[in-house]
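Encoded as structure tokens, the structure appears first; notes follow it.
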Amino acid sequence: MIKEIVKDRDFLSQPAEEATAEDAQVAEDLRDTMASLEGCASLAANQIGSTKAIVAYEDGGRIYVMYNPKLKMGAQPFTAQEGCFSLDEVSEVKRFNMITVNYQVFVNGNLVSRSKRFSGWTAQIVQHVIDHCAGKLV
Ligand SMILES: [Zn+2]
């Protein structure tokens with residue numbers, strides 16, 4: 001279901017709770033909402049009003065969902081200008097050009113652990129939504 005984007009800073013500043021396999025509906029809503037937004041590269045569940053640590057990002061025209069993403073490794077720091085669907089202004093932020101993320105995916109009713117390396121733009125948008133899970137806004 002497509003949800004409305006949350007812009008309440010107090011809500012967005014709260015760290016997300018651990019997501020479980022019971023939260024598959026949140027992941028679906030996140031996917032639907034992101035697909036409905038033009039120019040949206042990544043979205044965190046708290047941006048659609050959920051308190052769970054679930055994020056979605058776009059890569060090569062496909063939307064991927066990660067449960068409980070954690071930044072495991074970062075290399076090649078740089079300074080980026082970033083906008084956000086929940087904020088009106090663009091901010092300067094420090095990002096890594098290469099990252100490794102540990103996360104979980106929903107497979108046959110269970111959460112399964114995965115690890116993935118990202119670089120460039122995808123690494124940047126993934127770091128943006130991992131920050132959202134920590135209650136951090138750019
Ligand atoms: Zn954002």
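Simple scheme: letters A, B, ... for chains in structure tokens order, numbers from 1 for residues in each chain, numbers from 1 for ligands in the order shown.
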Find the residues near ligand 1. Use a cut-off of 9 Å, count only C-alpha atoms and all ligand atoms, and write them as a compact mmCIF listing (two decimals) with all heavy atoms, in the first residue's frame.
```txt
# COMPACT_ATOMS: atom_id res chain seq x y z
N SER A 42 16.07 5.96 -2.61
CA SER A 42 16.05 5.07 -1.45
C SER A 42 15.09 5.64 -0.42
O SER A 42 14.84 6.84 -0.37
CB SER A 42 17.46 4.89 -0.86
OG SER A 42 17.98 6.13 -0.43
N LEU A 43 14.55 4.75 0.40
CA LEU A 43 13.54 5.14 1.38
C LEU A 43 13.64 4.22 2.60
O LEU A 43 13.87 3.02 2.45
CB LEU A 43 12.15 4.99 0.73
CG LEU A 43 10.98 5.79 1.30
CD1 LEU A 43 11.21 7.29 1.17
CD2 LEU A 43 9.69 5.41 0.56
N ALA A 44 13.49 4.81 3.79
CA ALA A 44 13.52 4.02 5.02
C ALA A 44 12.10 3.91 5.58
O ALA A 44 11.26 4.77 5.34
CB ALA A 44 14.44 4.67 6.05
N GLN A 47 10.23 6.69 7.24
CA GLN A 47 9.70 7.73 6.36
C GLN A 47 8.26 7.44 5.91
O GLN A 47 7.60 8.30 5.33
CB GLN A 47 10.59 7.90 5.13
CG GLN A 47 11.97 8.47 5.47
CD GLN A 47 12.81 8.65 4.22
OE1 GLN A 47 13.44 7.71 3.77
NE2 GLN A 47 12.81 9.84 3.66
N GLU A 82 23.34 16.15 -0.24
CA GLU A 82 22.22 15.22 -0.32
C GLU A 82 20.88 15.85 0.01
O GLU A 82 20.75 16.60 0.96
CB GLU A 82 22.45 14.05 0.65
CG GLU A 82 23.08 12.86 -0.02
CD GLU A 82 23.41 11.75 0.96
OE1 GLU A 82 22.71 11.58 1.96
OE2 GLU A 82 24.39 11.04 0.67
N GLY A 83 19.89 15.48 -0.78
CA GLY A 83 18.51 15.84 -0.47
C GLY A 83 17.82 14.63 0.14
O GLY A 83 18.40 13.56 0.24
N CYS A 84 16.59 14.84 0.58
CA CYS A 84 15.85 13.78 1.25
C CYS A 84 14.37 14.02 1.02
O CYS A 84 13.92 15.17 1.03
CB CYS A 84 16.17 13.81 2.74
SG CYS A 84 15.22 12.64 3.72
N PHE A 85 13.60 12.95 0.83
CA PHE A 85 12.16 13.12 0.59
C PHE A 85 11.45 13.65 1.83
O PHE A 85 10.33 14.15 1.73
CB PHE A 85 11.54 11.81 0.10
CG PHE A 85 11.43 11.76 -1.38
CD1 PHE A 85 12.53 11.45 -2.15
CD2 PHE A 85 10.23 12.06 -2.01
CE1 PHE A 85 12.44 11.43 -3.54
CE2 PHE A 85 10.13 12.04 -3.39
CZ PHE A 85 11.24 11.73 -4.15
N SER A 86 12.08 13.53 3.01
CA SER A 86 11.45 14.00 4.23
C SER A 86 11.91 15.40 4.63
O SER A 86 11.40 15.96 5.59
CB SER A 86 11.74 13.04 5.39
OG SER A 86 11.06 11.82 5.19
N LEU A 87 12.88 15.94 3.91
CA LEU A 87 13.41 17.26 4.25
C LEU A 87 13.31 18.18 3.03
O LEU A 87 13.35 17.72 1.89
CB LEU A 87 14.89 17.17 4.65
CG LEU A 87 15.25 16.24 5.81
CD1 LEU A 87 16.76 16.17 5.96
CD2 LEU A 87 14.62 16.72 7.11
N ILE A 125 23.30 6.16 -1.56
CA ILE A 125 21.87 6.13 -1.20
C ILE A 125 21.59 5.07 -0.12
O ILE A 125 20.68 5.24 0.68
CB ILE A 125 20.97 5.90 -2.44
CG1 ILE A 125 21.26 4.56 -3.12
CG2 ILE A 125 21.10 7.06 -3.42
CD1 ILE A 125 20.32 4.23 -4.28
N HIS A 128 22.53 6.65 3.14
CA HIS A 128 21.50 7.62 3.51
C HIS A 128 20.37 6.94 4.30
O HIS A 128 19.95 7.43 5.35
CB HIS A 128 20.96 8.30 2.24
CG HIS A 128 19.92 9.35 2.48
ND1 HIS A 128 20.22 10.69 2.51
CD2 HIS A 128 18.60 9.25 2.74
CE1 HIS A 128 19.10 11.37 2.76
NE2 HIS A 128 18.11 10.52 2.90
N VAL A 129 19.89 5.79 3.81
CA VAL A 129 18.78 5.13 4.52
C VAL A 129 19.22 4.37 5.77
O VAL A 129 18.43 4.20 6.70
CB VAL A 129 17.93 4.23 3.58
CG1 VAL A 129 16.99 5.08 2.76
CG2 VAL A 129 18.77 3.34 2.70
N ASP A 131 21.39 5.63 7.75
CA ASP A 131 21.35 6.76 8.69
C ASP A 131 19.92 6.99 9.20
O ASP A 131 19.70 7.26 10.39
CB ASP A 131 21.86 8.04 8.03
CG ASP A 131 23.37 8.18 8.12
OD1 ASP A 131 24.01 7.31 8.75
OD2 ASP A 131 23.90 9.16 7.57
N HIS A 132 18.94 6.89 8.28
CA HIS A 132 17.54 7.06 8.70
C HIS A 132 17.18 6.06 9.79
O HIS A 132 16.49 6.39 10.75
CB HIS A 132 16.60 6.86 7.51
CG HIS A 132 16.30 8.11 6.75
ND1 HIS A 132 15.64 9.18 7.30
CD2 HIS A 132 16.55 8.47 5.47
CE1 HIS A 132 15.50 10.14 6.40
NE2 HIS A 132 16.05 9.73 5.26
N LEU A 137 19.32 12.35 10.42
CA LEU A 137 18.90 13.03 9.19
C LEU A 137 20.11 13.76 8.63
O LEU A 137 20.95 14.24 9.37
CB LEU A 137 17.79 14.03 9.50
CG LEU A 137 16.51 13.38 10.06
CD1 LEU A 137 15.61 14.44 10.66
CD2 LEU A 137 15.78 12.62 8.97
N VAL A 138 20.18 13.84 7.30
CA VAL A 138 21.35 14.50 6.71
C VAL A 138 21.40 15.97 7.09
O VAL A 138 20.38 16.58 7.36
CB VAL A 138 21.37 14.40 5.15
CG1 VAL A 138 21.68 12.98 4.74
CG2 VAL A 138 20.13 14.92 4.52
```
Open item on the list: Residues within 9 Å of A:Gly74, please, as a PyMOL selection string. Count only C-alpha atoms; anything in the same chain fewer than 2 positions from it doesn't count.
Closed with: chain A and resi 71-72+76-77+95-100
Task: Surrounding residues of A:Tyr64 excluding itself and chain neighbours under 5 positions, 10 Å, only C-alpha atoms, as a PyMOL selection string - done: chain A and resi 27+31+42+55-59+105
TODO: May I have all residues of chain A that DSSP, computed from the backbone, assigns to alpha helix (DSSP H), given as JSON, numbers by chain?
DONE: {"A": [9, 10, 11, 12, 24, 25, 26, 27, 28, 29, 30, 31, 32, 33, 34, 35, 36, 120, 121, 122, 123, 124, 125, 126, 127, 128, 129, 130, 131, 132, 133]}
TODO: Check chain A with DSSP on the backbone and list each residue it calls strand (DSSP E), as number ranges by chain.
DONE: A: 42-44, 54-59, 62-82, 91-107, 110-119
- [ ] Kindly give the distance, in Å, that separates atom CA of A:Asn102 and atom CA of A:Ala41, rounded to a single decimal.
- [x] 19.6 Å
TODO: Between atom CA of A:Ala16 and atom CA of A:Thr51, measure the distance and give it in Å to one decimal.
DONE: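 Atom CA of A:Ala16 sits 5.1 Å away from atom CA of A:Thr51.
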Open item on the list: When you count only C-alpha atoms, which of these residues is closest to A:Leu111: A:Ile5, A:Met73, A:Ala24, A:Leu30?
Closed with: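 Going through A:Ile5, A:Met73, A:Ala24, A:Leu30 one by one, the smallest distance to A:Leu111 is for A:Ala24.
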TODO: Return the single residue from A:Ile2, A:Ala19, A:Val65, A:Cys133 that is closest to A:Ala35, with distances computed using only C-alpha atoms.
DONE: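 That would be A:Ile2, the residue with the smallest distance to A:Ala35.
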TODO: For atom CA of A:Asn108 and atom CA of A:Ala21, determine how far apart the two atoms are, in Å to one decimal place.
DONE: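 Those two atoms sit 9.6 Å apart.
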Task: Top pick for closest residue to A:Glu22, considering A:Ala134, A:Ile63, A:Ile54, A:Gly120 and counting only C-alpha atoms - done: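 Of A:Ala134, A:Ile63, A:Ile54, A:Gly120, the one nearest A:Glu22, counting only C-alpha atoms, is A:Ile54.
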Task: For A:Gly135: contacts at 8 Å, only C-alpha atoms, fewer than 6 positions along chain excluded, given as JSON, numbers by chain - done: {"A": [12, 13, 14, 15, 16]}
Export N, CA, C and O atoms of the chosen residues as an mmCIF file, in the first residue's frame?
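Written output follows (out.cif):
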```cif
data_model
loop_
_atom_site.group_PDB
_atom_site.id
_atom_site.type_symbol
_atom_site.label_atom_id
_atom_site.label_comp_id
_atom_site.auth_asym_id
_atom_site.auth_seq_id
_atom_site.Cartn_x
_atom_site.Cartn_y
_atom_site.Cartn_z
ATOM 1 N N LEU A 12 11.241 11.065 13.007
ATOM 2 C CA LEU A 12 12.362 10.600 12.176
ATOM 3 C C LEU A 12 13.678 10.522 12.952
ATOM 4 O O LEU A 12 14.614 9.858 12.516
ATOM 5 N N SER A 13 13.751 11.194 14.095
ATOM 6 C CA SER A 13 14.978 11.204 14.892
ATOM 7 C C SER A 13 15.087 10.019 15.834
ATOM 8 O O SER A 13 16.105 9.831 16.498
ATOM 9 N N GLN A 14 14.029 9.218 15.921
ATOM 10 C CA GLN A 14 14.071 8.047 16.803
ATOM 11 C C GLN A 14 14.732 6.871 16.089
ATOM 12 O O GLN A 14 14.379 6.559 14.961
ATOM 13 N N PRO A 15 15.691 6.220 16.756
ATOM 14 C CA PRO A 15 16.313 5.037 16.153
ATOM 15 C C PRO A 15 15.272 3.941 15.902
ATOM 16 O O PRO A 15 14.370 3.749 16.709
ATOM 17 N N ALA A 16 15.415 3.259 14.784
ATOM 18 C CA ALA A 16 14.448 2.214 14.421
ATOM 19 C C ALA A 16 14.634 0.974 15.284
ATOM 20 O O ALA A 16 15.716 0.706 15.802
#
```
Task: Nearest-residue call for A:Ile130, choices A:Ser36, A:Asn68, A:Ser91, A:Thr79, using only C-alpha atoms - done: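 Of the candidates, the smallest distance to A:Ile130 is held by A:Asn68.
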